[in-house]
Structure formats: C-alpha cells, structure tokens
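Working notes for the structure below.
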Amino acid sequence: MLIRRRTLLAASAAATVASPAIAQNYPRRAVQLVVAFPPGGSTDVGARILAAMAEKDFGQPITVVNKAGAGGQIGFTEIARARPDGYTLGFLNLPGMNTITLDPERKAAFTIDSFIPIVNQVLDPGFIWAKGDSPYKTLADLVDAAKKNPGKISACTTGILSDDHLAILMVQEAAKCEFRIVHFDGGAQQLTGVLGGHVDVAFDNVGSVFKRVGTGEILGLAVTDTQRSKFLPQIPTTPELGMPSVISNSTRGVGAPKGTPADICKIVETAFLKAINSAEMKEKMDAVGLALKPMVGAEYAKYYADLQAQAKKYTEWALKMR
Amino acid sequence: MDALGHLLSGFAAALSLHYLLYAFAGCILGTLIGVLPGLGPAAGTAILIPLTFSLDPTGAIIMLSAIYYGAMYGGTITSVLINVPGEAASVVTCIDGHQMARQGRAGSALGIAAIGSFVGGTLATVALVVVAMPLATLALKFGPAEFFALMVAGLCLVVGLAGKNILAALLMTVIGLLLSLIGLDPVRGAPRFTFGVEELFDGIGFVPVVMGLFGVAELLLAAETRQTHMIQAELKSWMPTRQECKDCIGAILRGTGVGFVLGLIPGVGAIVPTFMAYVLEKRVSKTPERFGKGAIEGVASAETANNAYANAAMVPLLALGIPSSPTIAVLMGAFIINGIQPGPFLFAEQPKLVWTVIASFFVGNVLLLILNLPLVGLWAKLLKIPFSYMCAGVLIFCVIGAYGLKQSLFDVWVMLGFGIIGYLLRKLDFPIAPAILALILGPMMEKSLRTTLEISGGSFAIFLDRPVALVLLAIPVIVIGFLLFKPRSLAPLRESDVD
C-alpha cells in the first residue's frame, strides 16, 4: 500500500516535472485541426481562416483535416479518441455536439466531458425568417397563425436536433403553439424551400442569409439571441419580443481531447486567441457574416456546461415527440 | 449597358494577361484534382481556397472556377485509360470510354471528351448569359415533391430502357437501394444497418465503391489473362477521326441540352445528367447494341452533359445564390470570402465582376481544350507501360485515392471488397451501372420523399396537387407499361446493356 502510494507520488512528481518540458518543446511538428464537417461549410471556412492566421505565431503548420459525417459525430469521435498530446485539436460545434451525446439512439462513443474547450471563435445567432412577401410580417403574426392552425404552419430546420430544431421547440414552448417541422439538410435547401413557397418559415442562422434581408428577398422576423446581431441591427431579438427563454445560437471553438496537458492548452489558447482578435480575422469573418465571440478559460467552460443543460432539456423533449 | 456590352467588357478584362494566367493555373490544378481519385472537385476546390486569398476577388473566382471545370474534365482521363473514375461524374464515361481504349482508341475517346466538354461548357455558358434570371426563378418551383418524382423517373428510365436483362438490372437497382439505406437515418438520425461500426454511419462511401467495382475489378479481370500490357490492342488513333466527330454531333448537342436543364435544378448532382444523356443517346441510336462496347457517342454524350451541367449549375448560384452541388457550395464559400454575395442582386450590384467571371468561363473552356488536346497523346502513351507495373501502379493509385477521401483505412477495405464483388458480377454478366445510380439516388430519393411528407403532414395526395411531380411520376409508369405490353417494338434495345 505504502509502496503503491510512493510510486504514485513519484509518478505524479515526474509528471509535474515532465509537463513543462513537453510544453517547452510544443509544438515540434505540424498540428492537426479536425473539422467534423465537409470542406466549404461555414465551420470549415472559419477553421481554414483561423488555421492560416494562427500558424504564423504558432511556429508549426496547422493542418485542417475534414472528418465529416453523421452530423459531426465521426469527427467528434476522432477528436475524443486522439492521443492527448496537443497534436490533434478539433473544432467543437455546439449545440450539435451536445445533442449527439444526448440522443441514446446515436450511441456516441464520447460524452461532453471527452473534450477540453480551449478557445471559442464564432457565435452565430439563430435567425427566424420568411419569404419577402410572406403574410407573416412579425414573429407575433407567425405565432398567432400557428396557434390558430396548430400543426399547419411549416417551419424548416437544418437537420434534426440542430440548433434550429431546438429553437423551434423553444418558440413552441414559449408561445404554446405548434408548427409542422420539416427537416432539411442545410441552408441551401432552406432557401429553395422557403423562396419557392414550399415551406412557410425558416429557422436558420444569421451568417448564412443576412445579406438577403436588406434586399426585400427575405423578411427577418427575429434573432434568437440576448443582443441584436451586428449584421442585422434592424431585426428585434426574441427577448425584446417577449420570449426571453428563446435563446439559440450555434458556436464553434477549438478544443482538445481530455487529458491534454494544461500548459499545452495554454499555448494553443494564446496563439489562437491572438489570431481571433486580429483585424484581418475580423475583416474576413465579417465578409462571411460570422460574428466572432472569443471566449476562453472559465467563461468558455461555463458556456459549455450551461449549453449542455439547455440542450438536454430540449433534446429529451424532441425525443419524446418522435 | 445591355448584357452583350457587359459581356464584351468582361472579355476585355478576362483576357488580360494575369487573369489568363490564373485561369490557366486553375485548369492545370483542376485537371490534377480530377485525375486523382478520392480528391473530388469539392474537396480539391476547398483545399485550394486559401491559395486565392492573396488574389483580387475577380482573379480568385476565375481561378477557382477554372479548377472546378478542370476537375470535371480530369476525371475522364483515368476513366478511359484504367477504368477508374476520378470523380463521380465520370462513371458513365468508363462504360464506353474504357472499351474504346481496349480497342486502341483511347486517343479518340479522350479527344471527343475534350471536344464535347468544350462544346457543352460553351453552349451552356451562352444559355447562362441569355436566360439566367427567368430560368433560375423557375427552378425554385422545384420543391422536394418534384425532386423526388425526378429521381424516380431517372432511376426507372435508366433501368427500364437500358437492360438487355431487365430482371438483372432491376435486381442490381434494388441491391444499390438497399446499400444506400446503410448509415444514419436522414431524418431521425438513428443508425441503420451499421452494426455499431461508426465508419458506416455515413453510409457506404460512393467513391470507394465505384473505384472497387470499376478499377479494382478491371485489374482482377485483366490479371486473369496473363497479358503483357493493360491494353493489348495497338494504339490506332491519337485523335477522333472526322467521321467519329460527325457521328457525335447529335450526341454532343443532346448531351448539352440534358446537362443544361438538369443543371438548373438544385441538388441533382453531376452524375444524373451523365446517366440520362447516355440513356437518351442509346435510345435514339440506330445501333444501340454498340453501347457498352466502345460507342464513341456514349463517351461524347456523357462528357458533354457533365460539362454543360457544371456550367448550368452556375445559374442558380449566380442568379439566386443557391448552391446546387457540394462543389458549387465550396465555390460559393469562396465567392463570399472574396466579398461577393451571389444572389438576385449580384448582376445589378457588381455587373463588372459578374460579366468578367462569365467571360472567364468561356476563356476557361477554351484553355481547357487547348491544354487537353495536345496532352491526349501523352496520356494515351501511359498505356504502353508493361502490365505488371501498370497493375501495381493502378492499385496503389486506387488505395491512395480511397484513403485520401476521408483519411480513413475503412474506405480502402470497402474499395477492395467491392473490387471482388465487381469481379464476380462481371463474371456473372450482371450490369453494374444501375446499382451505382441507385446507390447515389437512394438517399436523395428517401430524403426528398420524407421531406415531402413532412411538408404535407404525411399525405401522399401532395403528389396529385403538383403537376410537375405528377408528370414526372407518370413517365416511368408509361415506360414500364410500354415494356410490359409491347416488348417486341423495343426488341433492338434489349440486345445491349448500359454496362
């Protein structure tokens, strides 16, 4: 017993001595940044911009590796299973990652604790919109119609248990109404669906469509965030419209597999945060309509934990409905 | 200024030396991407996006578009020479293209592909200039219900019209559809038939399957015969003859039409137009029995449709801002990063840029032709490599391609497994093409059907309310009825096979 404890002590002492040495040498070779979505999607675009800028300070190449599939599950599994040596980092997409772990049918090989959130890059607020000539001019119009005709007004998502799906559930809960939920695969299908008149309203994110709002092509009803989007300052938020419980965003940040030494995470944090805060990053991300939301340390950890709690509630609800 | 005036000033800009250089570099890079299996146009374009950060927006878009077109052509080369489709849209080219190569007509096949691609791409760009806006708005009317009907019609036509043995073709289609069910349920997200293997969550990868069924199976068949060269026949031609070109005029024009119309509909993908054009060509041919045995019209129609599709797919992107395929989505991402928002207001807000880019589509198509025709001979010479080296080389090429797709060893095993299956199917004389088409269309059909029913609240009556969907669904019913009750009139068709 005593011997065991002594070995443990020795081992932990060795570990504390060893880890600064690891950190001093880090990074010695190229680092992989796993993106759980295909090339060209908004996570990938943001990741490639970030990798290109962060590697200048980082001293080693940062290679974006797309491990797409199963709504991100393949890539997230890859990050969770990687050796925690700092040479495999990955993009954490919330709440997509949360809902995968919360749906028992998905049999995910990871939990939310399999990752260390290091630094957040993007917060893309949820955005409810209709066709330019839609009879629903405001969120109140839409909700009233859905109350009068329960299950008749169709609302589309970018996939089951996506942030958009959760947002519909939140509105249904807050306004005690019922939509006919249609699951599309992504933003392009939402555009065709709503502009073509096949679906009444889209639950989407600001980044994918904000440039179309000013043109009259689409009608913005609400942004599901605590503050107005800088890209759509004219669109009211859900709390302003009397639905403070409807807060749904999509965030993307960099994380590492559980067990990655803290000092390595710190090096990553410093290099990536500097890139995220740079003027060049802001300019490039503004063009794509992705709002930067740098979060590190305790703030990011709290956001990460809070989101899990919120996602749990609505995922369970969604699962009950199917 | 009218469209023509804009276009002319666009040409003036696109023909400036540095833009020509970007287009040229893009064509070469794109051809390389197309040649490498696994690295499809979408992934290839995405990886090269950062390369364009240092260019001005117009230059960046010109280069990326050139990469896209180049990749669409590059896949042809491996299809013809070694029966390995470099990208999905080249699957149909394998059918007759490789047979032509076996007869020593690789040069003709590659040449007609280059010419067809050029004509298809150029005519589609002309159509884009003339009708972009009105047609794009029509495309919006194509909802999930119409999309489902189109997929059903496409599948039925390919199966019904193409088989010498309808039963075998039908069986292969069902197998393809069953394989397409593997993976996450497209609506509920629950895994189906995955047996807990996470690599199967996304379904059986299409590219490894195709490389196995065509490329690896071809190697196994060839290895049986103890030949000294991959292709025994003497290389007879470097270029298509005048007669061959003449034979292909109709095929090229019809391929352009099919490719352009289907390119307007978001989500169809490049492979459906190639299959449709091929089936149409076989249907109108006086000698359909030559198809599958090295008919040059088969290569011409598929390759033309492929490039006409690629250019027509720009219509929904430029006019509506709707990306109609994964590659176009990547391209759209690149547009946006470079400060261009595709959509109805693009033509009004940034006419100079749009018309320069459209002019560069023409320039890109010309460059591709200039680049590829002289290289045809060089590519065809590869067939002179002794079989033992060639065989090992092709296998390594396939393995790297399958692995490179998702950096996954699992895909390599899938490819090798389907290589053996493909070998057995070829021995048993089962057609492979219907299975491939079903594997691609299966998920799209299922998803669009389920979305349609979500929209209608579960009622199938929605198909009766939609005239376009109804007509499309009626086509296969009529065709099948025709086949059942008037088999004699279709007898010549059943002599041959799509595969």
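In the structure tokens, each chain is lettered A, B, ... as it comes, each chain's residues begin at 1, and ligands are numbered from 1 in order of appearance.
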
Problem - Selection: 10 Å around Ala145 in chain B, only C-alpha atoms, excl. self and same-chain fewer than 3 positions, as a list in words - result: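 Near Ala145 in chain B, the qualifying residues are His198 of chain A; Phe142, Phe148, Ala149, Leu150, Met445, Ser448, Leu449, Arg450, Thr451, Thr452, Leu453, Ile455, Ser456, Phe460, Ile462, Phe463, Asp465, Arg466, Val468, Ala469 and Leu470 of chain B.
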
Only C-alpha atoms, please: the residues just picked out, written as a JSON list (two decimals), in the first residue's frame.
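After the write, selection.json holds the following:
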```
[["chain", "number", "residue", "atom", "x", "y", "z"],
["A", 198, "HIS", "CA", -42.81, 25.01, -50.25],
["B", 142, "PHE", "CA", -38.79, 22.56, -57.90],
["B", 148, "PHE", "CA", -38.50, 13.00, -55.61],
["B", 149, "ALA", "CA", -40.51, 12.50, -58.79],
["B", 150, "LEU", "CA", -37.49, 13.39, -60.92],
["B", 445, "MET", "CA", -34.97, 9.84, -53.04],
["B", 448, "SER", "CA", -36.93, 14.11, -50.57],
["B", 449, "LEU", "CA", -39.85, 11.72, -50.11],
["B", 450, "ARG", "CA", -39.73, 12.11, -46.36],
["B", 451, "THR", "CA", -39.38, 15.89, -46.57],
["B", 452, "THR", "CA", -42.35, 15.97, -48.96],
["B", 453, "LEU", "CA", -44.42, 14.01, -46.46],
["B", 455, "ILE", "CA", -44.50, 19.24, -45.62],
["B", 456, "SER", "CA", -47.83, 17.60, -46.45],
["B", 460, "PHE", "CA", -49.39, 11.30, -50.38],
["B", 462, "ILE", "CA", -49.43, 16.18, -52.35],
["B", 463, "PHE", "CA", -48.12, 14.45, -55.49],
["B", 465, "ASP", "CA", -51.56, 18.60, -56.39],
["B", 466, "ARG", "CA", -48.24, 19.17, -58.11],
["B", 468, "VAL", "CA", -44.73, 18.75, -62.49],
["B", 469, "ALA", "CA", -44.33, 15.95, -59.98],
["B", 470, "LEU", "CA", -47.33, 14.14, -61.41]]
```

Practice task
Determine which residues of range 120-211 of chain A receive a DSSP assignment of helix (DSSP H, G or I), computed from the backbone, and state them as an MDAnalysis selection string.
Solution key: chainID A and resid 139:148 163:175 187:195 206:211

Could you make a table, as CSV, of the residues of chain A that have an atom within 6 Å of an atom of chain B, each with its nearest atom pair and distance in Å to one decimal, counting only C-alpha atoms, in chain and number order?
```
residue,atom,partner,partner_atom,distance
A:Pro39,CA,B:Ala46,CA,5.5
A:Gly40,CA,B:Val330,CA,4.3
A:Gly69,CA,B:Asp202,CA,5.5
A:Ala70,CA,B:Asp202,CA,5.5
A:Glu105,CA,B:Ala190,CA,5.6
A:Arg106,CA,B:Ala190,CA,5.7
A:Val182,CA,B:Glu454,CA,5.5
A:Ala188,CA,B:Ile322,CA,5.6
A:Thr192,CA,B:Leu140,CA,5.7
A:Gly196,CA,B:Leu140,CA,4.6
A:Ala287,CA,B:Gly339,CA,5.9
A:Val288,CA,B:Ile336,CA,5.8
```

Problem - Surrounding residues of range 97-102 of chain B excluding itself and chain neighbours under 5 positions, 12 Å, only C-alpha atoms, as a PyMOL selection string - result: chain B and resi 75-85+90-92+107-113+214-215+218+222+229-238+240+290-303+379-384+499

Practice task
Report as a PyMOL selection string: the residues of range 103-263 of chain B with a DSSP assignment of strand (DSSP E), based on the backbone of this structure.
Solution key: chain B and resi 183-184+191-192

Fill in the blank from the handout: From the list B:Thr225, B:Thr58, B:Ser117, B:Thr122, the nearest residue to Phe362 in chain B using only C-alpha atoms is B:Thr122

Problem - Atom pair CA of Ile67 in chain B / CA of Leu368 in chain B: separation (Å) - result: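 Spanning CA of Ile67 in chain B to CA of Leu368 in chain B is a straight-line distance of 10.3 Å.
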